[in-house]
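Listing of input.cif, mmCIF, C-alpha atoms
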data_protein
loop_
_atom_site.label_atom_id
_atom_site.label_comp_id
_atom_site.auth_asym_id
_atom_site.auth_seq_id
_atom_site.Cartn_x
_atom_site.Cartn_y
_atom_site.Cartn_z
CA MET A 1 -13.71 11.52 -7.64
CA THR A 2 -12.92 7.88 -6.95
CA PHE A 3 -9.71 6.58 -5.47
CA TYR A 4 -9.02 2.92 -6.17
CA VAL A 5 -6.39 1.40 -3.91
CA ALA A 6 -4.57 -1.88 -4.46
CA ARG A 7 -1.71 -3.63 -2.76
CA HIS A 8 1.05 -5.08 -4.95
CA GLY A 9 1.10 -8.76 -5.93
CA GLN A 10 2.63 -11.46 -3.77
CA THR A 11 6.37 -11.51 -3.02
CA GLU A 12 8.46 -14.33 -1.60
CA TRP A 13 8.43 -12.64 1.80
CA ASN A 14 4.62 -12.34 1.69
CA ALA A 15 4.43 -16.07 1.05
CA GLU A 16 6.84 -16.70 3.94
CA ASN A 17 4.92 -14.35 6.30
CA LYS A 18 7.92 -12.04 6.74
CA VAL A 19 7.83 -8.31 7.47
CA CYS A 20 8.68 -6.52 4.25
CA GLY A 21 8.96 -2.77 4.41
CA ILE A 22 11.67 -1.02 2.44
CA THR A 23 13.39 -4.23 1.37
CA ASP A 24 12.93 -4.07 -2.40
CA ILE A 25 12.01 -7.55 -3.60
CA ALA A 26 10.24 -8.76 -6.73
CA LEU A 27 6.92 -10.44 -7.31
CA THR A 28 6.57 -14.21 -7.36
CA GLU A 29 4.89 -15.95 -10.30
CA LYS A 30 1.71 -15.93 -8.22
CA GLY A 31 2.16 -12.18 -7.69
CA ILE A 32 2.42 -11.62 -11.45
CA ALA A 33 -0.77 -13.64 -11.98
CA GLN A 34 -2.48 -11.59 -9.25
CA ALA A 35 -1.47 -8.36 -11.00
CA ASP A 36 -2.95 -9.69 -14.23
CA GLU A 37 -6.21 -10.45 -12.37
CA LEU A 38 -6.15 -6.95 -10.87
CA ALA A 39 -5.98 -5.54 -14.39
CA ASP A 40 -9.18 -7.42 -15.24
CA GLN A 41 -10.89 -5.85 -12.21
CA VAL A 42 -9.72 -2.37 -13.22
CA LYS A 43 -11.08 -2.53 -16.76
CA GLY A 44 -14.15 -0.36 -17.26
CA LYS A 45 -13.57 1.79 -14.15
CA ASN A 46 -12.51 4.84 -16.22
CA ILE A 47 -9.25 5.26 -14.35
CA GLU A 48 -7.25 8.23 -15.63
CA ILE A 49 -3.89 7.39 -14.06
CA ILE A 50 -2.10 4.79 -11.95
CA ILE A 51 0.16 6.17 -9.23
CA SER A 52 2.65 3.65 -7.89
CA SER A 53 5.14 3.28 -5.10
CA PRO A 54 8.70 3.24 -6.52
CA MET A 55 9.40 -0.22 -5.08
CA LYS A 56 9.72 -2.93 -7.74
CA ARG A 57 6.89 -5.09 -6.37
CA ALA A 58 4.47 -2.15 -6.77
CA VAL A 59 5.99 -0.92 -10.05
CA THR A 60 5.71 -4.37 -11.65
CA THR A 61 2.09 -4.66 -10.49
CA SER A 62 1.34 -1.17 -11.85
CA GLN A 63 3.07 -1.85 -15.17
CA ILE A 64 1.03 -5.00 -15.74
CA VAL A 65 -2.21 -3.11 -15.09
CA SER A 66 -1.03 -0.12 -17.13
CA GLU A 67 -0.12 -2.18 -20.18
CA LYS A 68 -3.20 -4.40 -20.10
CA CYS A 69 -5.64 -1.51 -19.51
CA HIS A 70 -3.80 1.23 -21.47
CA ILE A 71 -3.69 3.56 -18.45
CA PRO A 72 -0.70 5.87 -17.96
CA MET A 73 1.26 5.47 -14.76
CA MET A 74 3.56 7.54 -12.65
CA ILE A 75 5.66 6.89 -9.57
CA ASP A 76 5.46 8.80 -6.30
CA ASN A 77 8.09 8.20 -3.62
CA ARG A 78 5.62 9.03 -0.83
CA LEU A 79 3.92 5.67 -1.46
CA VAL A 80 6.98 3.65 -0.42
CA GLU A 81 6.23 1.13 2.33
CA GLN A 82 6.93 1.94 5.95
CA ASN A 83 10.51 1.41 7.08
CA TYR A 84 10.23 -1.30 9.74
CA GLY A 85 13.90 -0.95 10.67
CA VAL A 86 15.26 -3.89 12.64
CA TYR A 87 12.09 -5.89 11.91
CA GLU A 88 12.68 -6.12 8.16
CA GLY A 89 12.60 -9.82 7.29
CA VAL A 90 11.38 -11.14 10.65
CA ASP A 91 8.28 -13.30 11.00
CA ARG A 92 5.12 -11.16 11.07
CA ASN A 93 4.10 -12.93 14.30
CA ASN A 94 7.26 -11.82 16.10
CA GLU A 95 6.15 -10.61 19.55
CA ASP A 96 8.41 -7.54 19.57
CA PHE A 97 7.26 -6.51 16.10
CA LEU A 98 3.59 -6.88 17.08
CA ALA A 99 4.13 -4.91 20.30
CA ASN A 100 5.75 -2.07 18.34
CA LYS A 101 2.97 -2.21 15.73
CA ARG A 102 0.44 -1.23 18.44
CA ASN A 103 2.33 2.00 19.18
CA PHE A 104 1.49 4.31 16.28
CA ALA A 105 3.82 7.13 17.31
CA TYR A 106 6.73 4.79 18.05
CA ARG A 107 9.55 4.69 15.51
CA TYR A 108 10.61 1.16 14.76
CA PRO A 109 14.31 0.97 15.74
CA ASN A 110 16.22 2.24 12.67
CA GLY A 111 12.87 2.81 10.95
CA GLU A 112 9.88 5.13 11.02
CA SER A 113 6.60 5.45 12.91
CA MET A 114 3.12 5.02 11.46
CA ILE A 115 2.51 8.70 12.14
CA GLN A 116 5.50 9.59 9.94
CA VAL A 117 4.04 7.41 7.18
CA ALA A 118 0.63 9.04 7.64
CA VAL A 119 2.12 12.52 7.18
CA ARG A 120 3.62 11.67 3.80
CA VAL A 121 0.59 9.65 2.62
CA TYR A 122 -1.98 12.28 3.70
CA THR A 123 0.08 15.02 1.99
CA PHE A 124 0.15 12.90 -1.17
CA LEU A 125 -3.64 12.37 -1.07
CA ASP A 126 -4.35 16.06 -0.51
CA GLU A 127 -2.26 16.92 -3.59
CA ILE A 128 -3.79 14.20 -5.77
CA LYS A 129 -7.32 15.32 -4.83
CA LYS A 130 -6.51 18.79 -6.19
CA GLN A 131 -4.52 17.65 -9.22
CA TYR A 132 -7.02 15.00 -10.39
CA SER A 133 -10.27 16.46 -9.09
CA GLY A 134 -13.29 14.72 -10.60
CA LYS A 135 -11.19 11.89 -12.06
CA ASN A 136 -10.59 8.27 -11.08
CA VAL A 137 -7.14 7.34 -9.78
CA LEU A 138 -5.60 3.94 -9.00
CA ILE A 139 -2.98 3.87 -6.24
CA VAL A 140 -0.74 0.79 -6.08
CA SER A 141 1.22 0.51 -2.89
CA HIS A 142 1.89 -1.69 0.14
CA GLY A 143 0.07 -3.20 3.10
CA GLY A 144 1.16 -0.59 5.65
CA VAL A 145 0.49 2.30 3.29
CA CYS A 146 -2.92 0.86 2.33
CA ARG A 147 -3.79 0.78 6.05
CA ILE A 148 -2.94 4.50 6.27
CA LEU A 149 -4.84 5.24 3.04
CA LYS A 150 -7.96 3.65 4.53
CA THR A 151 -7.81 5.95 7.56
CA TYR A 152 -7.86 8.97 5.26
CA PHE A 153 -11.27 7.94 3.94
CA SER A 154 -12.87 6.25 6.96
CA ASP A 155 -12.50 6.20 10.72
CA MET A 156 -11.01 3.13 12.35
CA THR A 157 -10.48 2.22 15.97
CA ASN A 158 -6.93 1.41 17.05
CA GLU A 159 -7.84 -2.27 17.13
CA GLU A 160 -9.35 -2.16 13.62
CA PHE A 161 -6.25 -0.37 12.37
CA PHE A 162 -3.93 -2.90 14.00
CA HIS A 163 -5.75 -5.87 12.42
CA TYR A 164 -6.56 -4.39 9.00
CA THR A 165 -4.82 -6.03 6.05
CA LEU A 166 -5.46 -5.50 2.37
CA GLN A 167 -4.67 -8.77 0.59
CA ASN A 168 -2.30 -8.80 -2.38
CA CYS A 169 -3.90 -7.23 -5.48
CA LYS A 170 -7.28 -6.70 -3.84
CA LEU A 171 -9.01 -3.52 -4.93
CA GLU A 172 -10.69 -1.05 -2.59
CA GLU A 173 -12.76 1.92 -3.69
CA TYR A 174 -13.15 5.29 -1.96
CA HIS A 175 -15.34 8.18 -3.12
CA ILE A 176 -14.81 11.84 -2.41
#

Mind turning this structure into structure tokens?
Amino acid sequence: MTFYVARHGQTEWNAENKVCGITDIALTEKGIAQADELADQVKGKNIEIIISSPMKRAVTTSQIVSEKCHIPMMIDNRLVEQNYGVYEGVDRNNEDFLANKRNFAYRYPNGESMIQVAVRVYTFLDEIKKQYSGKNVLIVSHGGVCRILKTYFSDMTNEEFFHYTLQNCKLEEYHI
């Protein structure tokens, strides 16, 4: 079984280097073009299904790939981005945000912790492994969720986890 993981295309907040968790914003024109390029990368990988976060930036990315590659898609709410609470919309270099980002069990004020995100993402992956055993699956989600997805398949130090970023519409591949 192969899991392919991609982050959605660029949004305005990505371009402005703002924290974007559960704020539901659309793709930019560049993000749409990135999704189209992602579809070209996906062709020929024998993907059975695309599973997307319900947020419009991920859904639009998934729909573009789905339509161009003729792959069915579904939405799973467990792939929604982490709720960064009071840090939604702040600069990603904000000192308080970065300090909180280093504390994996800490709930962002009015948000959720990385451990809470890991619980829902790991549960999702365990179910998908059973449901699609032996098949190839594409997951389209968000930067924070992609970081958690990576830890399911490979060990990372805290420092590696803190610094890891999957760029918009880049494709990673994990084998089980």

Practice prompt. Take the point (8.7, -3.1, -6.8) as written in the file and pick out every residue within 12 Å of it, counting all atoms listed in the file; give the list as a PyMOL selection string.
Written response: chain A and resi 7-11+20-28+31-32+52-64+75+77+79-81+140-142

Practice prompt. Would you please work out which residue, of A:Arg102, A:His163, A:Lys30, A:His70, is nearest to Glu48 (chain A) when using only C-alpha atoms?
Written response: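 Of all the options, A:His70 lies closest to Glu48 (chain A).
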
Worksheet item: Taking the file as shown, what set of residues would the PyMOL selection byres ((chain A and resi 109) around 8) give back, as an NGL selection string?
Response: :A and (84-86 or 107-108 or 110-112)

Practice prompt. Find the spatial neighbours of Leu166 (chain A), counting only C-alpha atoms, within a cut-off of 8 Å - ignore same-chain residues fewer than 2 positions away - and output them as number ranges by chain.
Written response: A: 6-7, 143, 146-147, 164, 168, 170

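Atom to atom, CA of Ile49 (chain A) and CA of Glu29 (chain A) stand 25.2 Å apart.
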
Practice prompt. Would you mind reading off the distance between CA of Ile176 (chain A) and CA of Lys43 (chain A), one decimal, in Å?
Written response: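 One can read the CA of Ile176 (chain A) to CA of Lys43 (chain A) distance as 20.6 Å.
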
Worksheet entry | Which residue of A:Tyr4, A:Tyr106, A:Tyr132, A:Trp13 approaches Lys150 (chain A) most closely, using all atoms listed in the file |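 Among the listed residues, A:Tyr4 lies closest to Lys150 (chain A).
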
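Between CA of His175 (chain A) and CA of Met74 (chain A) lies a distance of 21.2 Å.
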